[in-house]
Amino acid sequence: MELVFKRPECLIDIPFHFCPGCHHGIAHRLVAEAIDYFRIREKTIGVASVGCSVFMYDYFNIDVLEAPHGRASAVASGVKRARKDRIVFTYQGDGDLAAIGIAESIHTANRGEKITIIFANNGIYGMTGGQMAPTTLLGQKTSTSPYGRDFTYDGYPIRMAEMLATLEGSAFVARVAVNNPANLMKAKRAIRKAFQMQIEEIGFSFVEVLLACPTNWGMTALEANKRVGEEMIPYFPLGILKERKMADSL
């Protein structure tokens, strides 16, 4: 019988602990598949942030460093500068990257650090109890916005991909989702391209992945998956926002 689907070699064979319907497991698989595709596992270093994203060190069969809250891109920049021969990526949530770590994110992209950032955006603080995040949608109820996010008090959700795409140092910026097969395949290609940009030393690459968080959204897995398509994607449009060609980087 022909084998058509298997666990990526880059993932450790243990059960995922994430909540039912959480998309972190899918995002992990796509990252692992990209590492396997380029056969770079032995030279890849991951940097984990604080939040649900930190548990990548339990699942990836690679070297992983844990960074202080919000500092993953800064730590990854240091690792890449010290070990230029390594492929370095971060896996960060929205509370980490877009809140306490927003300065590090912007300056890392602006410097054109040759690292890859995978930005897991589920619009809420997942690990710490469902507080409002910089990417929480208007009207969305959280533990710290029980009546829904109000722009007059809380401002608007930040579109990180659009912001980083404007910086000269960024080489590849995309936003993807994994809520249906078509979007998943596009996400797979974008994440692979992000690693390719680093392998070919073209520059800083960033992929924002829209994820569901059923537990903190107070929804079933199906409801949360549907919400990604009906509410998140309209505010956070999918697509490649910036792609530098090799000639442009010379």
# chains A, B, ... in the order shown; residues from 1 in each chain; ligands from 1
$ residues_around --residues "Ala177 of chain A" --least-positions-apart "2" --cutoff "10 Å" --atoms "only C-alpha atoms" --output "ChimeraX atom specification"
/A:23,27,120-121,175,179-188,208-212,228-229,232-233,236-239
$ residues_around --residues "segment 39-44 of chain A" --least-positions-apart "4" --cutoff "9 Å" --atoms "only C-alpha atoms" --output "list in words"
Glu9, Cys10, Ala32, Ala34, Ile35, Asn61, Ile62, Asp63, Val64, Asp85, Arg86, Ile87, Val88 and Phe89 of chain A
$ write_last_selection --atoms "N, CA and C atoms" --output "PDB file, in the first residue's frame"
ATOM      1  N   GLU A   9       9.049  14.204   9.849  1.00  0.00           N
ATOM      2  CA  GLU A   9      10.189  13.718  10.616  1.00  0.00           C
ATOM      3  C   GLU A   9      10.652  14.736  11.645  1.00  0.00           C
ATOM      4  N   CYS A  10      10.356  16.002  11.400  1.00  0.00           N
ATOM      5  CA  CYS A  10      10.792  17.069  12.287  1.00  0.00           C
ATOM      6  C   CYS A  10       9.941  17.176  13.557  1.00  0.00           C
ATOM      7  N   ALA A  32       6.995  22.193  10.346  1.00  0.00           N
ATOM      8  CA  ALA A  32       7.809  20.973  10.318  1.00  0.00           C
ATOM      9  C   ALA A  32       7.958  20.443   8.888  1.00  0.00           C
ATOM     10  N   ALA A  34       7.968  22.189   6.171  1.00  0.00           N
ATOM     11  CA  ALA A  34       8.911  23.055   5.457  1.00  0.00           C
ATOM     12  C   ALA A  34      10.352  22.696   5.810  1.00  0.00           C
ATOM     13  N   ILE A  35      10.602  22.449   7.084  1.00  0.00           N
ATOM     14  CA  ILE A  35      11.953  22.066   7.512  1.00  0.00           C
ATOM     15  C   ILE A  35      12.352  20.746   6.881  1.00  0.00           C
ATOM     16  N   ASN A  61      11.672  18.347  16.779  1.00  0.00           N
ATOM     17  CA  ASN A  61      12.921  17.611  16.982  1.00  0.00           C
ATOM     18  C   ASN A  61      14.095  18.443  16.454  1.00  0.00           C
ATOM     19  N   ILE A  62      14.242  19.619  17.041  1.00  0.00           N
ATOM     20  CA  ILE A  62      15.312  20.552  16.686  1.00  0.00           C
ATOM     21  C   ILE A  62      15.795  21.216  17.972  1.00  0.00           C
ATOM     22  N   ASP A  63      16.873  21.978  17.878  1.00  0.00           N
ATOM     23  CA  ASP A  63      17.306  22.784  19.017  1.00  0.00           C
ATOM     24  C   ASP A  63      16.352  23.972  19.169  1.00  0.00           C
ATOM     25  N   VAL A  64      15.901  24.210  20.401  1.00  0.00           N
ATOM     26  CA  VAL A  64      14.958  25.307  20.667  1.00  0.00           C
ATOM     27  C   VAL A  64      15.429  26.097  21.876  1.00  0.00           C
ATOM     28  N   ASP A  85      25.436  30.253   9.851  1.00  0.00           N
ATOM     29  CA  ASP A  85      25.190  29.053   9.062  1.00  0.00           C
ATOM     30  C   ASP A  85      23.917  28.336   9.470  1.00  0.00           C
ATOM     31  N   ARG A  86      23.239  28.799  10.513  1.00  0.00           N
ATOM     32  CA  ARG A  86      22.028  28.156  11.002  1.00  0.00           C
ATOM     33  C   ARG A  86      20.772  28.812  10.409  1.00  0.00           C
ATOM     34  N   ILE A  87      19.706  28.024  10.334  1.00  0.00           N
ATOM     35  CA  ILE A  87      18.391  28.540   9.954  1.00  0.00           C
ATOM     36  C   ILE A  87      17.640  28.797  11.254  1.00  0.00           C
ATOM     37  N   VAL A  88      17.244  30.029  11.471  1.00  0.00           N
ATOM     38  CA  VAL A  88      16.669  30.437  12.755  1.00  0.00           C
ATOM     39  C   VAL A  88      15.247  30.964  12.540  1.00  0.00           C
ATOM     40  N   PHE A  89      14.318  30.455  13.330  1.00  0.00           N
ATOM     41  CA  PHE A  89      12.948  30.959  13.238  1.00  0.00           C
ATOM     42  C   PHE A  89      12.338  31.104  14.625  1.00  0.00           C
TER      43      PHE A  89
END
$ select_by_dssp --residues "segment 38-155 of chain A" --states "alpha helix (DSSP H)" --output "CSV table (one decimal) with N, CA and C atoms, in the first residue's frame"
chain,number,residue,atom,x,y,z
A,38,PHE,N,13.2,21.1,3.0
A,38,PHE,CA,14.5,21.7,2.7
A,38,PHE,C,15.7,20.9,3.3
A,56,MET,N,6.4,24.7,21.6
A,56,MET,CA,7.0,24.1,20.4
A,56,MET,C,8.2,23.3,20.8
A,57,TYR,N,8.8,23.6,21.9
A,57,TYR,CA,10.0,22.8,22.3
A,57,TYR,C,9.7,21.3,22.7
A,58,ASP,N,8.4,21.1,23.0
A,58,ASP,CA,8.0,19.7,23.2
A,58,ASP,C,7.7,18.9,22.0
A,59,TYR,N,7.6,19.6,20.9
A,59,TYR,CA,7.1,18.9,19.7
A,59,TYR,C,8.1,18.9,18.5
A,72,ALA,N,11.5,37.2,21.6
A,72,ALA,CA,12.0,36.1,20.7
A,72,ALA,C,12.7,36.6,19.5
A,73,SER,N,12.2,37.6,18.8
A,73,SER,CA,12.9,38.1,17.6
A,73,SER,C,14.2,38.7,17.9
A,74,ALA,N,14.4,39.3,19.1
A,74,ALA,CA,15.7,39.8,19.5
A,74,ALA,C,16.7,38.7,19.8
A,75,VAL,N,16.2,37.6,20.5
A,75,VAL,CA,17.0,36.5,20.8
A,75,VAL,C,17.4,35.8,19.5
A,76,ALA,N,16.4,35.6,18.6
A,76,ALA,CA,16.7,35.0,17.3
A,76,ALA,C,17.7,35.8,16.5
A,77,SER,N,17.6,37.1,16.5
A,77,SER,CA,18.6,37.9,15.8
A,77,SER,C,20.0,37.7,16.3
A,78,GLY,N,20.1,37.6,17.6
A,78,GLY,CA,21.5,37.3,18.2
A,78,GLY,C,22.0,35.9,17.8
A,79,VAL,N,21.1,34.9,17.8
A,79,VAL,CA,21.5,33.6,17.5
A,79,VAL,C,22.0,33.6,16.0
A,80,LYS,N,21.2,34.2,15.1
A,80,LYS,CA,21.6,34.2,13.7
A,80,LYS,C,22.9,35.0,13.4
A,81,ARG,N,23.1,36.0,14.2
A,81,ARG,CA,24.4,36.8,14.0
A,81,ARG,C,25.6,36.0,14.5
A,82,ALA,N,25.3,35.2,15.6
A,82,ALA,CA,26.4,34.4,16.1
A,82,ALA,C,26.7,33.1,15.3
A,94,ASP,N,0.2,36.4,19.3
A,94,ASP,CA,-0.1,37.8,19.1
A,94,ASP,C,0.1,38.6,20.4
A,95,GLY,N,-0.2,38.0,21.6
A,95,GLY,CA,0.1,38.8,22.8
A,95,GLY,C,1.6,39.0,23.0
A,102,ILE,N,6.3,44.2,20.5
A,102,ILE,CA,6.1,44.9,19.2
A,102,ILE,C,7.3,45.7,18.8
A,103,ALA,N,8.0,46.3,19.7
A,103,ALA,CA,9.2,47.1,19.4
A,103,ALA,C,10.3,46.1,18.8
A,104,GLU,N,10.5,45.0,19.4
A,104,GLU,CA,11.5,44.0,18.9
A,104,GLU,C,11.1,43.6,17.5
A,105,SER,N,9.8,43.3,17.3
A,105,SER,CA,9.3,42.8,16.0
A,105,SER,C,9.6,43.9,14.9
A,106,ILE,N,9.3,45.1,15.2
A,106,ILE,CA,9.5,46.2,14.2
A,106,ILE,C,10.9,46.4,13.9
A,107,HIS,N,11.8,46.4,14.9
A,107,HIS,CA,13.2,46.7,14.6
A,107,HIS,C,13.9,45.5,14.0
A,108,THR,N,13.5,44.3,14.3
A,108,THR,CA,14.0,43.1,13.7
A,108,THR,C,13.8,43.2,12.2
A,109,ALA,N,12.5,43.5,11.8
A,109,ALA,CA,12.2,43.6,10.4
A,109,ALA,C,12.9,44.7,9.7
A,110,ASN,N,13.0,45.8,10.4
A,110,ASN,CA,13.6,47.0,9.8
A,110,ASN,C,15.1,46.8,9.6
A,111,ARG,N,15.7,46.1,10.5
A,111,ARG,CA,17.2,45.8,10.3
A,111,ARG,C,17.4,44.7,9.2
A,151,PHE,N,-13.2,50.7,20.2
A,151,PHE,CA,-12.1,51.5,19.7
A,151,PHE,C,-11.9,52.8,20.4
A,152,THR,N,-12.9,53.4,21.0
A,152,THR,CA,-12.7,54.7,21.7
A,152,THR,C,-11.8,54.5,22.9
A,153,TYR,N,-11.8,53.3,23.5
A,153,TYR,CA,-11.0,53.1,24.7
A,153,TYR,C,-9.8,52.2,24.4
A,154,ASP,N,-9.9,51.3,23.5
A,154,ASP,CA,-8.9,50.2,23.3
A,154,ASP,C,-8.2,50.3,22.0
$ closest_residue --among "A:Arg83, A:Gly203, A:Leu164, A:Gly101" --to "Ala67 of chain A" --atoms "only C-alpha atoms"
A:Gly101
$ residues_around --residues "Ile117 of chain A" --least-positions-apart "4" --cutoff "8 Å" --atoms "only C-alpha atoms" --output "list in words"
Ser73, Phe89, Thr90, Tyr91, Gln92, Ser205, Phe206 and Val207 of chain A
$ write_last_selection --atoms "C-alpha atoms" --output "PDB file, in the first residue's frame"
ATOM      1  CA  SER A  73      12.858  38.103  17.616  1.00  0.00           C
ATOM      2  CA  PHE A  89      12.948  30.959  13.238  1.00  0.00           C
ATOM      3  CA  THR A  90      10.599  32.144  15.947  1.00  0.00           C
ATOM      4  CA  TYR A  91       7.077  30.932  16.692  1.00  0.00           C
ATOM      5  CA  GLN A  92       5.182  33.713  18.482  1.00  0.00           C
ATOM      6  CA  SER A 205      10.640  36.758   6.342  1.00  0.00           C
ATOM      7  CA  PHE A 206       7.350  36.891   8.233  1.00  0.00           C
ATOM      8  CA  VAL A 207       4.231  34.749   7.977  1.00  0.00           C
TER       9      VAL A 207
END
$ residues_around --residues "Glu66 of chain A" --least-positions-apart "2" --cutoff "8 Å" --atoms "only C-alpha atoms" --output "PyMOL selection string"
chain A and resi 47-50+54+64+68+72
$ write_last_selection --atoms "C-alpha atoms" --output "JSON list (two decimals), in the first residue's frame"
[["chain", "number", "residue", "atom", "x", "y", "z"],
["A", 47, "VAL", "CA", 13.13, 30.35, 19.38],
["A", 48, "ALA", "CA", 9.99, 29.96, 21.48],
["A", 49, "SER", "CA", 8.11, 32.88, 22.98],
["A", 50, "VAL", "CA", 5.92, 33.01, 26.09],
["A", 54, "VAL", "CA", 6.21, 28.19, 23.94],
["A", 64, "VAL", "CA", 14.96, 25.31, 20.67],
["A", 68, "PRO", "CA", 11.63, 36.14, 27.64],
["A", 72, "ALA", "CA", 11.95, 36.09, 20.71]]
$ atom_distance --atom1 "atom CA of Phe195 of chain A" --atom2 "atom CA of Lys242 of chain A"
14.6 Å
$ closest_residue --among "A:Asn225, A:Ser170, A:Thr220, A:Gln196" --to "Gly112 of chain A" --atoms "only C-alpha atoms"
A:Ser170
$ closest_residue --among "A:Gly148, A:Glu243, A:Ile202, A:Cys52" --to "Thr128 of chain A" --atoms "only C-alpha atoms"
A:Cys52
$ atom_distance --atom1 "atom CA of Tyr156 of chain A" --atom2 "atom CA of Leu138 of chain A"
6.9 Å
$ select_by_dssp --residues "segment 40-141 of chain A" --states "strand (DSSP E or B)" --output "JSON, numbers by chain"
{"A": [44, 45, 46, 47, 48, 60, 63, 64, 65, 66, 87, 88, 89, 90, 91, 92, 93, 116, 117, 118, 119, 120, 121, 138]}
$ write_last_selection --atoms "N, CA and C atoms" --output "mmCIF file, in the first residue's frame"
data_model
loop_
_atom_site.group_PDB
_atom_site.id
_atom_site.type_symbol
_atom_site.label_atom_id
_atom_site.label_comp_id
_atom_site.auth_asym_id
_atom_site.auth_seq_id
_atom_site.Cartn_x
_atom_site.Cartn_y
_atom_site.Cartn_z
ATOM 1 N N THR A 44 18.689 23.761 11.987
ATOM 2 C CA THR A 44 17.621 24.706 12.332
ATOM 3 C C THR A 44 17.556 24.922 13.837
ATOM 4 N N ILE A 45 17.379 26.175 14.219
ATOM 5 C CA ILE A 45 17.212 26.549 15.630
ATOM 6 C C ILE A 45 15.909 27.323 15.759
ATOM 7 N N GLY A 46 15.033 26.851 16.639
ATOM 8 C CA GLY A 46 13.786 27.550 16.911
ATOM 9 C C GLY A 46 13.902 28.398 18.166
ATOM 10 N N VAL A 47 13.183 29.496 18.184
ATOM 11 C CA VAL A 47 13.134 30.347 19.377
ATOM 12 C C VAL A 47 11.673 30.459 19.789
ATOM 13 N N ALA A 48 11.364 29.993 20.992
ATOM 14 C CA ALA A 48 9.992 29.962 21.484
ATOM 15 C C ALA A 48 9.707 31.187 22.336
ATOM 16 N N PHE A 60 8.970 19.837 18.418
ATOM 17 C CA PHE A 60 9.915 19.883 17.303
ATOM 18 C C PHE A 60 11.217 19.180 17.666
ATOM 19 N N ASP A 63 16.873 21.978 17.878
ATOM 20 C CA ASP A 63 17.306 22.784 19.017
ATOM 21 C C ASP A 63 16.352 23.972 19.169
ATOM 22 N N VAL A 64 15.901 24.210 20.401
ATOM 23 C CA VAL A 64 14.958 25.307 20.667
ATOM 24 C C VAL A 64 15.429 26.097 21.876
ATOM 25 N N LEU A 65 15.435 27.411 21.750
ATOM 26 C CA LEU A 65 15.708 28.301 22.864
ATOM 27 C C LEU A 65 14.395 28.936 23.299
ATOM 28 N N GLU A 66 14.265 29.192 24.591
ATOM 29 C CA GLU A 66 13.094 29.908 25.095
ATOM 30 C C GLU A 66 13.491 31.340 25.415
ATOM 31 N N ILE A 87 19.706 28.024 10.334
ATOM 32 C CA ILE A 87 18.391 28.540 9.954
ATOM 33 C C ILE A 87 17.640 28.797 11.254
ATOM 34 N N VAL A 88 17.244 30.029 11.471
ATOM 35 C CA VAL A 88 16.669 30.437 12.755
ATOM 36 C C VAL A 88 15.247 30.964 12.540
ATOM 37 N N PHE A 89 14.318 30.455 13.330
ATOM 38 C CA PHE A 89 12.948 30.959 13.238
ATOM 39 C C PHE A 89 12.338 31.104 14.625
ATOM 40 N N THR A 90 11.372 31.996 14.724
ATOM 41 C CA THR A 90 10.599 32.144 15.947
ATOM 42 C C THR A 90 9.171 31.695 15.684
ATOM 43 N N TYR A 91 8.502 31.263 16.750
ATOM 44 C CA TYR A 91 7.077 30.932 16.692
ATOM 45 C C TYR A 91 6.433 31.711 17.821
ATOM 46 N N GLN A 92 5.657 32.766 17.483
ATOM 47 C CA GLN A 92 5.182 33.713 18.482
ATOM 48 C C GLN A 92 3.685 33.970 18.354
ATOM 49 N N GLY A 93 3.035 34.153 19.497
ATOM 50 C CA GLY A 93 1.621 34.502 19.522
ATOM 51 C C GLY A 93 1.423 36.006 19.435
ATOM 52 N N THR A 116 13.354 34.008 10.226
ATOM 53 C CA THR A 116 11.965 33.793 9.831
ATOM 54 C C THR A 116 11.081 33.840 11.072
ATOM 55 N N ILE A 117 9.994 34.605 11.001
ATOM 56 C CA ILE A 117 9.045 34.675 12.104
ATOM 57 C C ILE A 117 7.724 34.056 11.661
ATOM 58 N N ILE A 118 7.239 33.104 12.442
ATOM 59 C CA ILE A 118 5.905 32.543 12.259
ATOM 60 C C ILE A 118 5.027 33.162 13.355
ATOM 61 N N PHE A 119 4.076 33.964 12.951
ATOM 62 C CA PHE A 119 3.246 34.737 13.875
ATOM 63 C C PHE A 119 1.871 34.084 13.992
ATOM 64 N N ALA A 120 1.609 33.453 15.118
ATOM 65 C CA ALA A 120 0.342 32.775 15.363
ATOM 66 C C ALA A 120 -0.660 33.764 15.947
ATOM 67 N N ASN A 121 -1.597 34.209 15.130
ATOM 68 C CA ASN A 121 -2.554 35.241 15.529
ATOM 69 C C ASN A 121 -3.932 34.620 15.736
ATOM 70 N N LEU A 138 -12.760 44.261 16.989
ATOM 71 C CA LEU A 138 -13.723 45.180 17.590
ATOM 72 C C LEU A 138 -14.994 44.419 17.963
#
$ atom_distance --atom1 "atom CA of Ile199 of chain A" --atom2 "atom CA of Tyr37 of chain A"
12.2 Å
$ closest_residue --among "A:Val31, A:Leu97, A:Met127, A:Ile191" --to "Ile158 of chain A" --atoms "only C-alpha atoms"
A:Leu97
$ closest_residue --among "A:Pro214, A:Gly169, A:Pro8, A:Gly129" --to "Glu113 of chain A" --atoms "only C-alpha atoms"
A:Gly169
$ closest_residue --among "A:Ile14, A:Val176, A:Pro20, A:Lys6" --to "Leu222 of chain A" --atoms "only C-alpha atoms"
A:Pro20
